[in-house]
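Notes follow the structure.
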Amino acid sequence: ATPQGEAALLRAVTEITEGAARIADLFAGCGTFALPLARRAEVLAVEGDRAMIAALDRGWREAQGLKRVEGVTRDLFRNPLLRDEFKGIDAVVIDPPRAGAEAQVTELAEARVPVIAHVSCNPVTFARDAARLIVRGRANLLTPSEPDQELERIRSLFDDLERKRDIAEFLELAEEGDGVRIFIGSENKLFSLSGSSLVVSPYTVSYTHLRAHET
């Protein structure tokens, strides 16, 4: 990512996880999110590359004013964190490579983590993994405190989002096109029932598409 893009992602992740006392950063790399988040929360940083975890740990030890960062080397593709391992975690940041994180997302969907910030560089695998989180986690998101009308609208939205193949197709169209693409609920089958819309746009640097941005 460009410095501007990285800063924008960090601002978004920081805002989403605000108030969390303990955060799990999955596919943490060398600490792009983990170290800044440690200014206000304890962080469990999990990464499959031992050298990156070593760099993250060195950066944490040399910095000042950060809360505890526990670096763990673990292959989250073959050995994902299990749902019970998320106990005590208030928020999860997950930033997988282009292949996505199907195995890890499956476990995460069954965990009762109140906040998840999902960063992606591939709109197709993002659509697949996000749909799994939404569909599998929907029982935890729908609560009796919602007004009946709003609850039914949210259920309709989740039903729409289950069509993850359609989502992937929309994001591929956005990645291939130029500028912002808007899919209005009343004009397409994906969001026709819930009355919601999807806005997507590609990121570009020097006229080269990097990835699609999902809103």
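Scheme for the structure tokens: letters A, B, ... for chains in order shown; per-chain residue numbers from 1; ligand numbers from 1 in order shown.
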
Please list as a PyMOL selection string every residue within 9 Å of Leu44 of chain A, counting only C-alpha atoms and excluding residues in the same chain fewer than 5 positions away.
chain A and resi 22-26+34+68-72+89

One residue among A:Pro114, A:Gly65, A:Pro96, A:Gly29 is nearest to Ala41 of chain A when using only C-alpha atoms, and that residue is A:Gly65

Would you compute the distance between atom CA of Glu15 of chain A and atom CA of Arg98 of chain A? Give it in Å to one decimal.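 According to the coordinates, atom CA of Glu15 of chain A and atom CA of Arg98 of chain A are separated by 23.9 Å.
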
Across A:Leu37, A:Leu66, A:Cys121, A:Cys30, the smallest distance to Glu18 of chain A, with only C-alpha atoms counted, is shown by A:Leu37

* May I ask for the distance between atom CA of Pro36 of chain A and atom CA of Leu76 of chain A, given in Å to one decimal place? =>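 That distance, rounded to one decimal, is 22.2 Å.
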